[in-house]
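**Q** Below: one structure in structure tokens.
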2 protein chains.
Amino acid sequence: MASHNQAASPRPATVAWAGDAVEILDQTALPGAEVVLRCTTVAEVVDAITRLAVRGAPAIGVAGAYGVALAAQLHSPDSEPGHFAAAVDQLRAARPTAVNLARMVDRAAAHAAAGPGAVLAAAHEIRDQERTASFAMGELGADLLTELAGARPLRVMTICNTGGLASVERGTALAVIQTLHERGMLAEALPLETRPLLQGGRLTTWELARMGAPHRLLVDSAAAYLLSRGAADAVVVGADRIAANGDTANKVGTFALSLGARHAGVPFVVVAPESTIDMDTATGGAIQIEDRGADEVCSFHGVAVSPPGTAAVNPAFDVTPVALVTALVTDRRVVRFDTGATLAATPVGP
Amino acid sequence: MASHNQAASPRPATVAWAGDAVEILDQTALPGAEVVLRCTTVAEVVDAITRLAVRGAPAIGVAGAYGVALAAQLHSPDSEPGHFAAAVDQLRAARPTAVNLARMVDRAAAHAAAGPGAVLAAAHEIRDQERTASFAMGELGADLLTELAGARPLRVMTICNTGGLASVERGTALAVIQTLHERGMLAEALPLETRPLLQGGRLTTWELARMGAPHRLLVDSAAAYLLSRGAADAVVVGADRIAANGDTANKVGTFALSLGARHAGVPFVVVAPESTIDMDTATGGAIQIEDRGADEVCSFHGVAVSPPGTAAVNPAFDVTPVALVTALVTDRRVVRFDTGATLAATPVGP
């Protein structure tokens with residue numbers, strides 16, 4: 001596997017097909033260096049997914065689909081069916097908890113009988129659909145923020161990384177900020193650093209700088225206070241899972257941010273694709289929250305920040321009750337919880 | 001200046017007089033190592049204060065007073081009045097914004113005419129008064145929490161470092177947790193790590209471990225969520241300044257924590273000495289909040305965590321409106337804001 005440093009513009013793609021390789025921007029090297037991994041074997045794609053060089057459900061789904069296209073090119077499903085099937089299994093299992101990965105790998109692999117070209121076409125289609133969804137969320141979200149907060153350049157606060165690095169391009173909540181910026185309607189983005197893994201400080205700042213959007217970073221605990229002093233016009237966040245009643249599970253800190261927005265009277269908007277909605281889960285109370293253990297809290301970049309053996313409580317996500325959510329923006333609709341709308345009663349667009 | 005590592009019990013004193021030296025526990029080395037600085041010159045005491053080896057208004061006040069006692073021993077105010085006066089000036093200016101330091105230095109220096117023994121006695125008195133105040137806050141606060149949350153072992157959340165490291169012994173909010181622990185009424189302390197400087201993760205955990213109190217560390221952004229899931233029975237915090245109406249300036253993150261406590265219906269108690277109350281400031285809106293610049297947010301222990309040149313907004317403190325404060329506990333009274341009490345109308349005890 002080759003890698004090369006691409007510090008100069010244009011921004012490297014999160015995941016791209018390069019004819020005989022899958023190119024993946026190594027997010028573990030950001031923001032220090034822009035390293036593009038050139039994966040010429042399936043094992044290298046699996047490794048990149050496993051060690052979080054690529055992360056975010058849509059992005060790893062696309063990486064997995066391109067991995068299948070690479071497998072079809074290297075190991076003809078006709079002449080080497082065993083090799084091809086094993087490669088597909090390895091890709092599907094690279095991140096066992098990410099449902100999206102398995103789904104996209106299977107979708108690409110279903111075209112194997114039609115030859116490597118058909119598999120690659122399916123992978124491109126998956127990428128294009130993710131890209132189209134991100135553009136739609138950006139447009140719908142920017143329209144909504146302008147409606148809610150005013151037709152003027154806005155100051156928008158956000159948490160974690162929800163941009164093109166977590167998707168193919170643009171992303172979810174950060175797509176809304178990018179669209180506002182492209183419209184000349186972004187005064188300032190205010191990303192939270194997002195402890196413990198600092199995706200906001202490491203990745204969102206990098207994406208904002210790359211798009212030339214004005215921004216200032218803050219520690220998570222300053223968000224509610226800055227909102228109370230009028231520092232932002234709106235808050236946009238992504239989602240990991242949305243229950244049928246609109247309760248939203250997302251990166252830990254989202255709930256605290258929603259309390260700050262409510263206290264300040266600032267719109268709080270969730271941006272996520274339709275696939276994030278789980279109508280089989282009635283409310284947020286039923287969503288299991290994973291505790292990721294003490295290491296992430298007690299050390300930082302390998303440096304201990306608390307005494308040896310310190311215990312920690314480290315919920316990876318939290319749940320924001322729908323009562324604190326102004327609206328949900330998906331790729332196909334806007335659900336205005338603030339005016340009494342519900343997921344069940346709001347039609348899904350084309 | 002000599003220094004020695006004291007990893008074994010008992011816990012080294014934050015500041016102590018050693019006959020011919022001022023001993024200061026170097027907080028910049030915590031929690032990695034327990035290093036006691038033995039300062040045998042005034043310049044060494046000044047240096048320890050300047051570089052935050054000792055921090056917290058009461059603690060640096062006591063260090064400054066002992067520095068004056070050392071100066072009086074080394075440079076007789078009678079035979080070397082110039083040397084003595086210069087030493088006092090240097091101590092007073094070691095942290096220009098800390099009013100307490102100048103006040104305690106002057107109070108000790110006022111006894112110079114009566115000889116080195118009188119200066120030392122004044123410094124001991126200052127230390128003893130701080131210690132007495134901490135014990136009183138611990139007792140009053142523990143009584144209040146038991147009254148508010150129940151006569152059973154409690155789970156208590158707190159932010160920043162408000163313990164003996166910031167004072168002489170015990171401190172303010174952490175003194176309440178220590179008193180509960182000594183009474184067998186502490187189920188668990190839940191300290192927030194307190195970005196950007198991580199005083200909770202580095203120092204409060206160390207103090208809790210030293211007192212043998214059960215505790216789990218959390219990132220700041222998890223606090224409101226954990227409160228909403230019933231993880232704590234009460235929240236106690238310190239204060240940097242309290243306005244006449246009860247609005248409270250404290251470490252950034254305190255306001256967000258108060259919102260979380262209110263949403264969860266959990267008591268939120270401020271613990272601070274009477275000297276923190278500023279009746280000349282009508283409300284929190286009049287309190288200036290210092291922005292400490294981007295470096296603390298954008299790097300950690302010298303490691304860059306965001307792209308070079310990233311801008312940040314970094315308020316050092318925030319203001320919690322009195323409407324979100326259940327009660328204030330000082331060394332001389334309890335003010336129950338939740339029942340309509342006010343600072344002006346609540347008598348100050350002996």
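Labeling convention for the structure tokens: chains A, B, ... as they appear, residues from 1 per chain, ligands from 1 in order of appearance.
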Produce the least-squares-superposed copy of chain B, fitted on chain A over all in-order C-alpha pairs, as a CSV table (one decimal) with C-alpha atoms, in the first residue's frame.
**A**
```csv
chain,number,residue,atom,x,y,z
B,1,MET,CA,0.0,0.0,0.1
B,2,ALA,CA,1.4,3.3,-1.0
B,3,SER,CA,0.6,6.6,0.7
B,4,HIS,CA,1.3,10.2,-0.3
B,5,ASN,CA,1.0,13.5,1.5
B,6,GLN,CA,-1.4,15.9,-0.2
B,7,ALA,CA,-1.1,19.1,1.8
B,8,ALA,CA,-2.0,21.3,-1.2
B,9,SER,CA,-5.5,21.9,-2.5
B,10,PRO,CA,-7.8,20.4,-3.7
B,11,ARG,CA,-9.1,18.6,-0.7
B,12,PRO,CA,-8.5,14.8,-1.1
B,13,ALA,CA,-11.7,12.7,-1.3
B,14,THR,CA,-12.7,10.8,1.8
B,15,VAL,CA,-13.0,7.6,-0.4
B,16,ALA,CA,-12.3,7.4,-4.1
B,17,TRP,CA,-11.9,4.8,-6.8
B,18,ALA,CA,-8.6,5.0,-8.7
B,19,GLY,CA,-8.9,2.4,-11.4
B,20,ASP,CA,-7.0,-0.3,-9.7
B,21,ALA,CA,-7.1,0.8,-6.1
B,22,VAL,CA,-9.4,2.3,-3.4
B,23,GLU,CA,-8.0,5.6,-2.2
B,24,ILE,CA,-8.8,6.5,1.4
B,25,LEU,CA,-7.9,9.8,3.2
B,26,ASP,CA,-6.4,8.6,6.5
B,27,GLN,CA,-8.4,10.4,9.2
B,28,THR,CA,-6.1,9.2,11.9
B,29,ALA,CA,-3.4,11.4,10.5
B,30,LEU,CA,-5.6,14.5,10.5
B,31,PRO,CA,-5.3,17.4,11.1
B,32,GLY,CA,-1.5,17.0,11.3
B,33,ALA,CA,-1.1,15.6,7.8
B,34,GLU,CA,-3.3,14.8,4.7
B,35,VAL,CA,-2.2,11.2,3.9
B,36,VAL,CA,-4.1,9.3,1.2
B,37,LEU,CA,-3.9,5.5,1.5
B,38,ARG,CA,-3.8,3.7,-1.8
B,39,CYS,CA,-5.3,0.3,-1.1
B,40,THR,CA,-4.5,-2.2,-3.8
B,41,THR,CA,-5.6,-5.3,-1.9
B,42,VAL,CA,-8.8,-6.1,-0.1
B,43,ALA,CA,-6.8,-6.6,3.1
B,44,GLU,CA,-5.6,-3.0,3.0
B,45,VAL,CA,-9.2,-1.8,2.6
B,46,VAL,CA,-10.3,-3.9,5.6
B,47,ASP,CA,-7.4,-2.6,7.6
B,48,ALA,CA,-8.2,1.0,6.8
B,49,ILE,CA,-11.8,0.5,7.9
B,50,THR,CA,-10.8,-1.5,11.1
B,51,ARG,CA,-8.4,1.1,12.4
B,52,LEU,CA,-10.7,4.0,11.7
B,53,ALA,CA,-8.7,5.6,8.9
B,54,VAL,CA,-12.2,6.0,7.4
B,55,ARG,CA,-15.1,6.4,9.8
B,56,GLY,CA,-18.8,7.5,9.7
B,57,ALA,CA,-21.5,5.1,8.5
B,58,PRO,CA,-21.9,6.4,4.9
B,59,ALA,CA,-18.2,6.7,4.4
B,60,ILE,CA,-17.4,3.2,5.5
B,61,GLY,CA,-20.3,1.9,3.4
B,62,VAL,CA,-18.8,3.4,0.3
B,63,ALA,CA,-15.3,2.2,1.2
B,64,GLY,CA,-16.7,-1.4,1.7
B,65,ALA,CA,-18.5,-1.2,-1.7
B,66,TYR,CA,-15.4,-0.1,-3.5
B,67,GLY,CA,-13.6,-2.9,-1.6
B,68,VAL,CA,-16.0,-5.4,-3.3
B,69,ALA,CA,-15.3,-3.8,-6.6
B,70,LEU,CA,-11.5,-4.3,-6.0
B,71,ALA,CA,-12.1,-7.9,-5.0
B,72,ALA,CA,-14.1,-8.5,-8.2
B,73,GLN,CA,-11.2,-7.1,-10.2
B,74,LEU,CA,-8.6,-9.1,-8.4
B,75,HIS,CA,-10.4,-12.4,-7.9
B,76,SER,CA,-12.9,-13.1,-10.7
B,77,PRO,CA,-16.1,-14.4,-9.1
B,78,ASP,CA,-16.3,-16.9,-11.9
B,79,SER,CA,-12.8,-18.4,-11.8
B,80,GLU,CA,-12.0,-17.8,-8.1
B,81,PRO,CA,-15.4,-17.9,-6.4
B,82,GLY,CA,-13.9,-18.9,-3.0
B,83,HIS,CA,-11.4,-16.0,-3.0
B,84,PHE,CA,-14.1,-13.5,-3.9
B,85,ALA,CA,-16.5,-14.7,-1.2
B,86,ALA,CA,-13.8,-14.6,1.4
B,87,ALA,CA,-13.0,-11.1,0.5
B,88,VAL,CA,-16.6,-10.0,0.8
B,89,ASP,CA,-16.8,-11.7,4.2
B,90,GLN,CA,-13.8,-9.8,5.4
B,91,LEU,CA,-15.1,-6.5,4.2
B,92,ARG,CA,-18.5,-7.1,5.8
B,93,ALA,CA,-16.9,-8.0,9.2
B,94,ALA,CA,-14.4,-5.1,9.3
B,95,ARG,CA,-16.7,-3.1,11.7
B,96,PRO,CA,-19.2,-5.6,13.0
B,97,THR,CA,-21.6,-3.0,14.6
B,98,ALA,CA,-21.9,-0.8,11.6
B,99,VAL,CA,-25.0,-2.1,9.8
B,100,ASN,CA,-24.5,0.2,6.9
B,101,LEU,CA,-21.2,-1.4,6.0
B,102,ALA,CA,-22.6,-4.9,5.7
B,103,ARG,CA,-25.6,-3.6,3.7
B,104,MET,CA,-23.5,-1.7,1.2
B,105,VAL,CA,-21.0,-4.6,0.8
B,106,ASP,CA,-23.8,-7.0,0.1
B,107,ARG,CA,-25.5,-4.6,-2.3
B,108,ALA,CA,-22.3,-4.3,-4.4
B,109,ALA,CA,-21.5,-8.1,-4.2
B,110,ALA,CA,-25.0,-8.9,-5.5
B,111,HIS,CA,-23.8,-7.7,-9.0
B,112,ALA,CA,-20.8,-10.2,-9.0
B,113,ALA,CA,-22.4,-12.5,-11.6
B,114,ALA,CA,-22.5,-9.6,-14.1
B,115,GLY,CA,-18.8,-9.1,-13.8
B,116,PRO,CA,-16.4,-6.6,-12.2
B,117,GLY,CA,-17.7,-3.7,-14.2
B,118,ALA,CA,-21.2,-4.2,-12.8
B,119,VAL,CA,-19.9,-4.4,-9.2
B,120,LEU,CA,-18.0,-1.1,-9.8
B,121,ALA,CA,-21.1,0.5,-11.2
B,122,ALA,CA,-23.0,-0.5,-8.1
B,123,ALA,CA,-20.3,1.0,-5.9
B,124,HIS,CA,-20.4,4.2,-7.9
B,125,GLU,CA,-24.2,4.3,-7.5
B,126,ILE,CA,-23.9,3.9,-3.7
B,127,ARG,CA,-21.4,6.8,-3.6
B,128,ASP,CA,-23.6,9.0,-5.8
B,129,GLN,CA,-26.7,8.3,-3.7
B,130,GLU,CA,-24.8,9.3,-0.5
B,131,ARG,CA,-23.6,12.5,-2.3
B,132,THR,CA,-27.1,13.3,-3.5
B,133,ALA,CA,-28.5,12.8,0.0
B,134,SER,CA,-25.9,15.2,1.5
B,135,PHE,CA,-26.6,17.9,-1.0
B,136,ALA,CA,-30.4,17.6,-0.3
B,137,MET,CA,-29.8,17.8,3.5
B,138,GLY,CA,-27.6,20.8,3.0
B,139,GLU,CA,-30.2,22.6,0.9
B,140,LEU,CA,-33.2,21.7,3.1
B,141,GLY,CA,-31.3,22.6,6.3
B,142,ALA,CA,-30.0,25.9,5.0
B,143,ASP,CA,-33.5,26.9,3.9
B,144,LEU,CA,-34.9,26.0,7.3
B,145,LEU,CA,-32.2,27.9,9.3
B,146,THR,CA,-32.8,31.0,7.2
B,147,GLU,CA,-36.5,30.6,7.9
B,148,LEU,CA,-36.0,30.1,11.6
B,149,ALA,CA,-33.2,32.5,12.3
B,150,GLY,CA,-33.4,35.1,9.6
B,151,ALA,CA,-32.2,35.8,6.0
B,152,ARG,CA,-28.8,37.1,7.0
B,153,PRO,CA,-25.4,35.6,7.6
B,154,LEU,CA,-25.8,33.3,10.6
B,155,ARG,CA,-23.6,32.1,13.4
B,156,VAL,CA,-24.1,28.3,13.7
B,157,MET,CA,-22.9,26.0,16.5
B,158,THR,CA,-22.3,22.3,15.9
B,159,ILE,CA,-20.8,19.2,17.7
B,160,CYS,CA,-18.6,16.3,16.6
B,161,ASN,CA,-17.8,15.7,12.9
B,162,THR,CA,-20.7,15.4,10.6
B,163,GLY,CA,-19.0,16.5,7.4
B,164,GLY,CA,-17.6,14.9,4.2
B,165,LEU,CA,-15.2,12.9,6.3
B,166,ALA,CA,-18.0,11.0,7.9
B,167,SER,CA,-19.8,10.7,4.5
B,168,VAL,CA,-18.6,10.9,0.9
B,169,GLU,CA,-19.0,14.6,0.5
B,170,ARG,CA,-20.6,17.4,2.6
B,171,GLY,CA,-22.2,15.1,5.2
B,172,THR,CA,-25.2,16.0,7.4
B,173,ALA,CA,-25.2,18.9,9.9
B,174,LEU,CA,-21.9,20.2,8.4
B,175,ALA,CA,-23.5,20.0,4.9
B,176,VAL,CA,-26.0,22.6,6.2
B,177,ILE,CA,-23.2,24.9,7.3
B,178,GLN,CA,-21.4,24.4,4.0
B,179,THR,CA,-24.5,25.2,2.0
B,180,LEU,CA,-25.0,28.4,4.1
B,181,HIS,CA,-21.3,29.3,3.4
B,182,GLU,CA,-21.7,28.7,-0.3
B,183,ARG,CA,-24.8,31.0,-0.3
B,184,GLY,CA,-22.9,33.7,1.5
B,185,MET,CA,-25.1,33.2,4.6
B,186,LEU,CA,-22.6,31.9,7.1
B,187,ALA,CA,-21.2,34.5,9.5
B,188,GLU,CA,-19.3,32.0,11.6
B,189,ALA,CA,-19.3,28.3,12.5
B,190,LEU,CA,-18.7,27.4,16.1
B,191,PRO,CA,-17.7,23.8,16.4
B,192,LEU,CA,-17.4,22.1,19.8
B,193,GLU,CA,-14.2,20.1,20.3
B,194,THR,CA,-16.2,17.0,21.3
B,195,ARG,CA,-14.4,15.2,24.0
B,196,PRO,CA,-13.2,12.5,24.5
B,197,LEU,CA,-12.0,11.8,20.9
B,198,LEU,CA,-12.1,15.5,19.8
B,199,GLN,CA,-13.6,14.9,16.4
B,200,GLY,CA,-14.7,18.5,16.4
B,201,GLY,CA,-11.3,19.9,17.3
B,202,ARG,CA,-9.4,17.6,14.9
B,203,LEU,CA,-11.7,17.0,12.0
B,204,THR,CA,-14.5,19.6,11.8
B,205,THR,CA,-12.0,22.4,12.0
B,206,TRP,CA,-10.0,20.8,9.2
B,207,GLU,CA,-13.1,20.6,7.0
B,208,LEU,CA,-14.2,24.2,7.8
B,209,ALA,CA,-10.7,25.4,7.0
B,210,ARG,CA,-10.7,23.4,3.8
B,211,MET,CA,-14.0,25.0,2.7
B,212,GLY,CA,-12.8,28.5,3.7
B,213,ALA,CA,-15.6,29.0,6.2
B,214,PRO,CA,-14.9,31.3,9.2
B,215,HIS,CA,-14.9,29.4,12.4
B,216,ARG,CA,-13.9,29.4,16.1
B,217,LEU,CA,-13.4,26.2,18.2
B,218,LEU,CA,-14.7,25.9,21.7
B,219,VAL,CA,-14.5,23.4,24.6
B,220,ASP,CA,-17.8,21.6,25.0
B,221,SER,CA,-18.6,23.1,28.4
B,222,ALA,CA,-18.5,26.6,27.0
B,223,ALA,CA,-21.3,26.0,24.5
B,224,ALA,CA,-24.3,26.6,26.8
B,225,TYR,CA,-22.7,29.8,28.3
B,226,LEU,CA,-21.9,31.2,24.9
B,227,LEU,CA,-25.4,30.5,23.7
B,228,SER,CA,-26.8,32.4,26.7
B,229,ARG,CA,-24.7,35.4,25.8
B,230,GLY,CA,-26.1,35.4,22.2
B,231,ALA,CA,-23.0,33.9,20.5
B,232,ALA,CA,-25.0,31.8,18.0
B,233,ASP,CA,-28.2,32.0,15.9
B,234,ALA,CA,-28.8,28.3,15.6
B,235,VAL,CA,-27.4,24.9,16.5
B,236,VAL,CA,-27.2,22.0,14.1
B,237,VAL,CA,-26.3,18.4,15.0
B,238,GLY,CA,-26.2,15.0,13.4
B,239,ALA,CA,-27.8,11.8,14.7
B,240,ASP,CA,-26.8,8.2,15.2
B,241,ARG,CA,-30.4,6.9,15.7
B,242,ILE,CA,-33.8,8.7,15.8
B,243,ALA,CA,-36.7,7.0,17.6
B,244,ALA,CA,-40.2,7.0,16.3
B,245,ASN,CA,-41.2,9.8,18.6
B,246,GLY,CA,-38.2,12.0,17.5
B,247,ASP,CA,-36.0,11.4,20.5
B,248,THR,CA,-32.5,11.5,19.1
B,249,ALA,CA,-29.3,9.6,20.0
B,250,ASN,CA,-26.1,11.3,19.0
B,251,LYS,CA,-22.6,12.0,20.2
B,252,VAL,CA,-22.4,12.6,24.0
B,253,GLY,CA,-22.8,16.3,24.6
B,254,THR,CA,-25.7,16.8,22.2
B,255,PHE,CA,-28.2,16.7,25.0
B,256,ALA,CA,-26.3,19.4,27.0
B,257,LEU,CA,-26.2,21.5,23.9
B,258,SER,CA,-29.9,21.2,23.4
B,259,LEU,CA,-30.5,22.4,27.0
B,260,GLY,CA,-28.3,25.4,26.3
B,261,ALA,CA,-30.1,26.1,23.0
B,262,ARG,CA,-33.5,25.9,24.7
B,263,HIS,CA,-32.4,28.2,27.6
B,264,ALA,CA,-31.1,30.7,25.0
B,265,GLY,CA,-34.2,30.4,22.8
B,266,VAL,CA,-32.1,29.3,19.8
B,267,PRO,CA,-33.3,26.8,17.2
B,268,PHE,CA,-31.9,23.3,17.7
B,269,VAL,CA,-32.0,21.3,14.4
B,270,VAL,CA,-31.1,17.6,13.9
B,271,VAL,CA,-29.8,16.7,10.4
B,272,ALA,CA,-29.7,13.0,9.3
B,273,PRO,CA,-30.6,10.8,6.4
B,274,GLU,CA,-33.9,8.9,6.4
B,275,SER,CA,-31.9,5.7,7.1
B,276,THR,CA,-31.2,7.0,10.6
B,277,ILE,CA,-34.8,6.9,11.6
B,278,ASP,CA,-35.8,3.7,13.5
B,279,MET,CA,-39.6,3.5,13.6
B,280,ASP,CA,-39.2,0.2,15.5
B,281,THR,CA,-37.8,2.1,18.6
B,282,ALA,CA,-40.7,3.9,20.2
B,283,THR,CA,-38.7,6.4,22.3
B,284,GLY,CA,-35.2,7.4,23.3
B,285,GLY,CA,-35.5,5.6,26.6
B,286,ALA,CA,-35.2,2.3,24.7
B,287,ILE,CA,-31.9,3.2,23.1
B,288,GLN,CA,-29.0,1.4,24.7
B,289,ILE,CA,-26.0,3.7,25.3
B,290,GLU,CA,-22.6,2.1,25.0
B,291,ASP,CA,-20.0,2.9,27.7
B,292,ARG,CA,-16.6,3.0,26.0
B,293,GLY,CA,-14.5,2.6,29.2
B,294,ALA,CA,-12.0,4.7,31.1
B,295,ASP,CA,-9.0,4.9,28.7
B,296,GLU,CA,-10.5,7.6,26.4
B,297,VAL,CA,-11.2,9.9,29.4
B,298,CYS,CA,-8.1,9.2,31.5
B,299,SER,CA,-5.5,9.7,28.8
B,300,PHE,CA,-5.1,11.9,25.8
B,301,HIS,CA,-2.9,11.1,22.8
B,302,GLY,CA,-1.2,8.5,25.0
B,303,VAL,CA,-0.6,11.0,27.8
B,304,ALA,CA,-2.1,10.1,31.2
B,305,VAL,CA,-4.3,13.0,32.5
B,306,SER,CA,-5.4,11.4,35.8
B,307,PRO,CA,-3.8,9.2,38.4
B,308,PRO,CA,-3.2,5.6,37.4
B,309,GLY,CA,-6.2,3.4,37.9
B,310,THR,CA,-8.8,6.2,37.8
B,311,ALA,CA,-12.3,4.9,37.1
B,312,ALA,CA,-14.5,6.8,34.6
B,313,VAL,CA,-18.0,6.8,33.3
B,314,ASN,CA,-17.9,7.3,29.5
B,315,PRO,CA,-21.1,7.2,27.6
B,316,ALA,CA,-20.4,7.4,23.9
B,317,PHE,CA,-23.8,8.8,23.0
B,318,ASP,CA,-26.7,10.5,24.7
B,319,VAL,CA,-30.3,11.0,24.0
B,320,THR,CA,-32.0,14.3,23.4
B,321,PRO,CA,-35.7,14.3,24.0
B,322,VAL,CA,-37.8,15.4,21.1
B,323,ALA,CA,-39.3,18.2,23.2
B,324,LEU,CA,-35.9,20.0,22.9
B,325,VAL,CA,-35.6,19.4,19.1
B,326,THR,CA,-36.9,22.2,17.0
B,327,ALA,CA,-36.9,20.2,13.7
B,328,LEU,CA,-35.4,17.2,11.9
B,329,VAL,CA,-34.0,17.7,8.4
B,330,THR,CA,-33.5,14.5,6.3
B,331,ASP,CA,-32.6,14.1,2.7
B,332,ARG,CA,-36.3,13.9,1.9
B,333,ARG,CA,-38.3,16.0,4.4
B,334,VAL,CA,-38.4,18.5,7.2
B,335,VAL,CA,-40.2,17.5,10.4
B,336,ARG,CA,-41.1,20.6,12.5
B,337,PHE,CA,-41.4,19.1,16.0
B,338,ASP,CA,-41.7,22.7,17.3
B,339,THR,CA,-45.1,23.1,15.6
B,340,GLY,CA,-46.4,19.7,16.6
B,341,ALA,CA,-45.4,17.7,13.6
B,342,THR,CA,-44.5,14.0,14.0
B,343,LEU,CA,-42.4,11.5,12.0
B,344,ALA,CA,-45.4,9.3,11.5
B,345,ALA,CA,-47.6,12.1,10.1
B,346,THR,CA,-45.0,13.9,8.0
B,347,PRO,CA,-44.9,12.6,4.3
B,348,VAL,CA,-41.5,11.5,3.0
B,349,GLY,CA,-40.5,13.3,-0.2
B,350,PRO,CA,-39.1,11.8,-3.4
```
**Q** Considering only alpha helix (DSSP H) as DSSP defines it on the backbone, what residues of range 168-242 of chain B qualify? List them as a list in words.
**A**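 In range 168-242 of chain B, DSSP puts these residues in alpha helix (DSSP H): Ala173, Leu174, Ala175, Val176, Ile177, Gln178, Thr179, Leu180, His181, Glu182, Gln199, Thr205, Trp206, Glu207, Leu208, Ala209, Arg210, Ala223, Ala224, Tyr225, Leu226, Leu227 and Ser228 of chain B.
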**Q** Could you go through range 35-98 of chain B and tell me which residues DSSP, when run on the backbone, assigns to strand (DSSP E), listing them as an NGL selection string?
**A** :B and (35-39)
**Q** Next, write the just-selected residues to a file, as a short mmCIF file (atom, residue, chain, number, x, y, z; two decimals), in the first residue's frame, keeping N, CA and C atoms as the atom set.
**A**
```
data_model
loop_
_atom_site.label_atom_id
_atom_site.label_comp_id
_atom_site.auth_asym_id
_atom_site.auth_seq_id
_atom_site.Cartn_x
_atom_site.Cartn_y
_atom_site.Cartn_z
N VAL B 35 5.64 16.09 44.14
CA VAL B 35 6.92 16.75 44.35
C VAL B 35 6.71 17.93 45.31
N VAL B 36 7.45 17.94 46.42
CA VAL B 36 7.36 19.05 47.37
C VAL B 36 8.54 19.99 47.13
N LEU B 37 8.21 21.25 46.81
CA LEU B 37 9.25 22.26 46.60
C LEU B 37 9.63 22.84 47.95
N ARG B 38 10.92 22.83 48.27
CA ARG B 38 11.39 23.42 49.52
C ARG B 38 12.00 24.76 49.18
N CYS B 39 11.25 25.84 49.41
CA CYS B 39 11.67 27.18 49.01
C CYS B 39 12.40 27.84 50.18
#
```
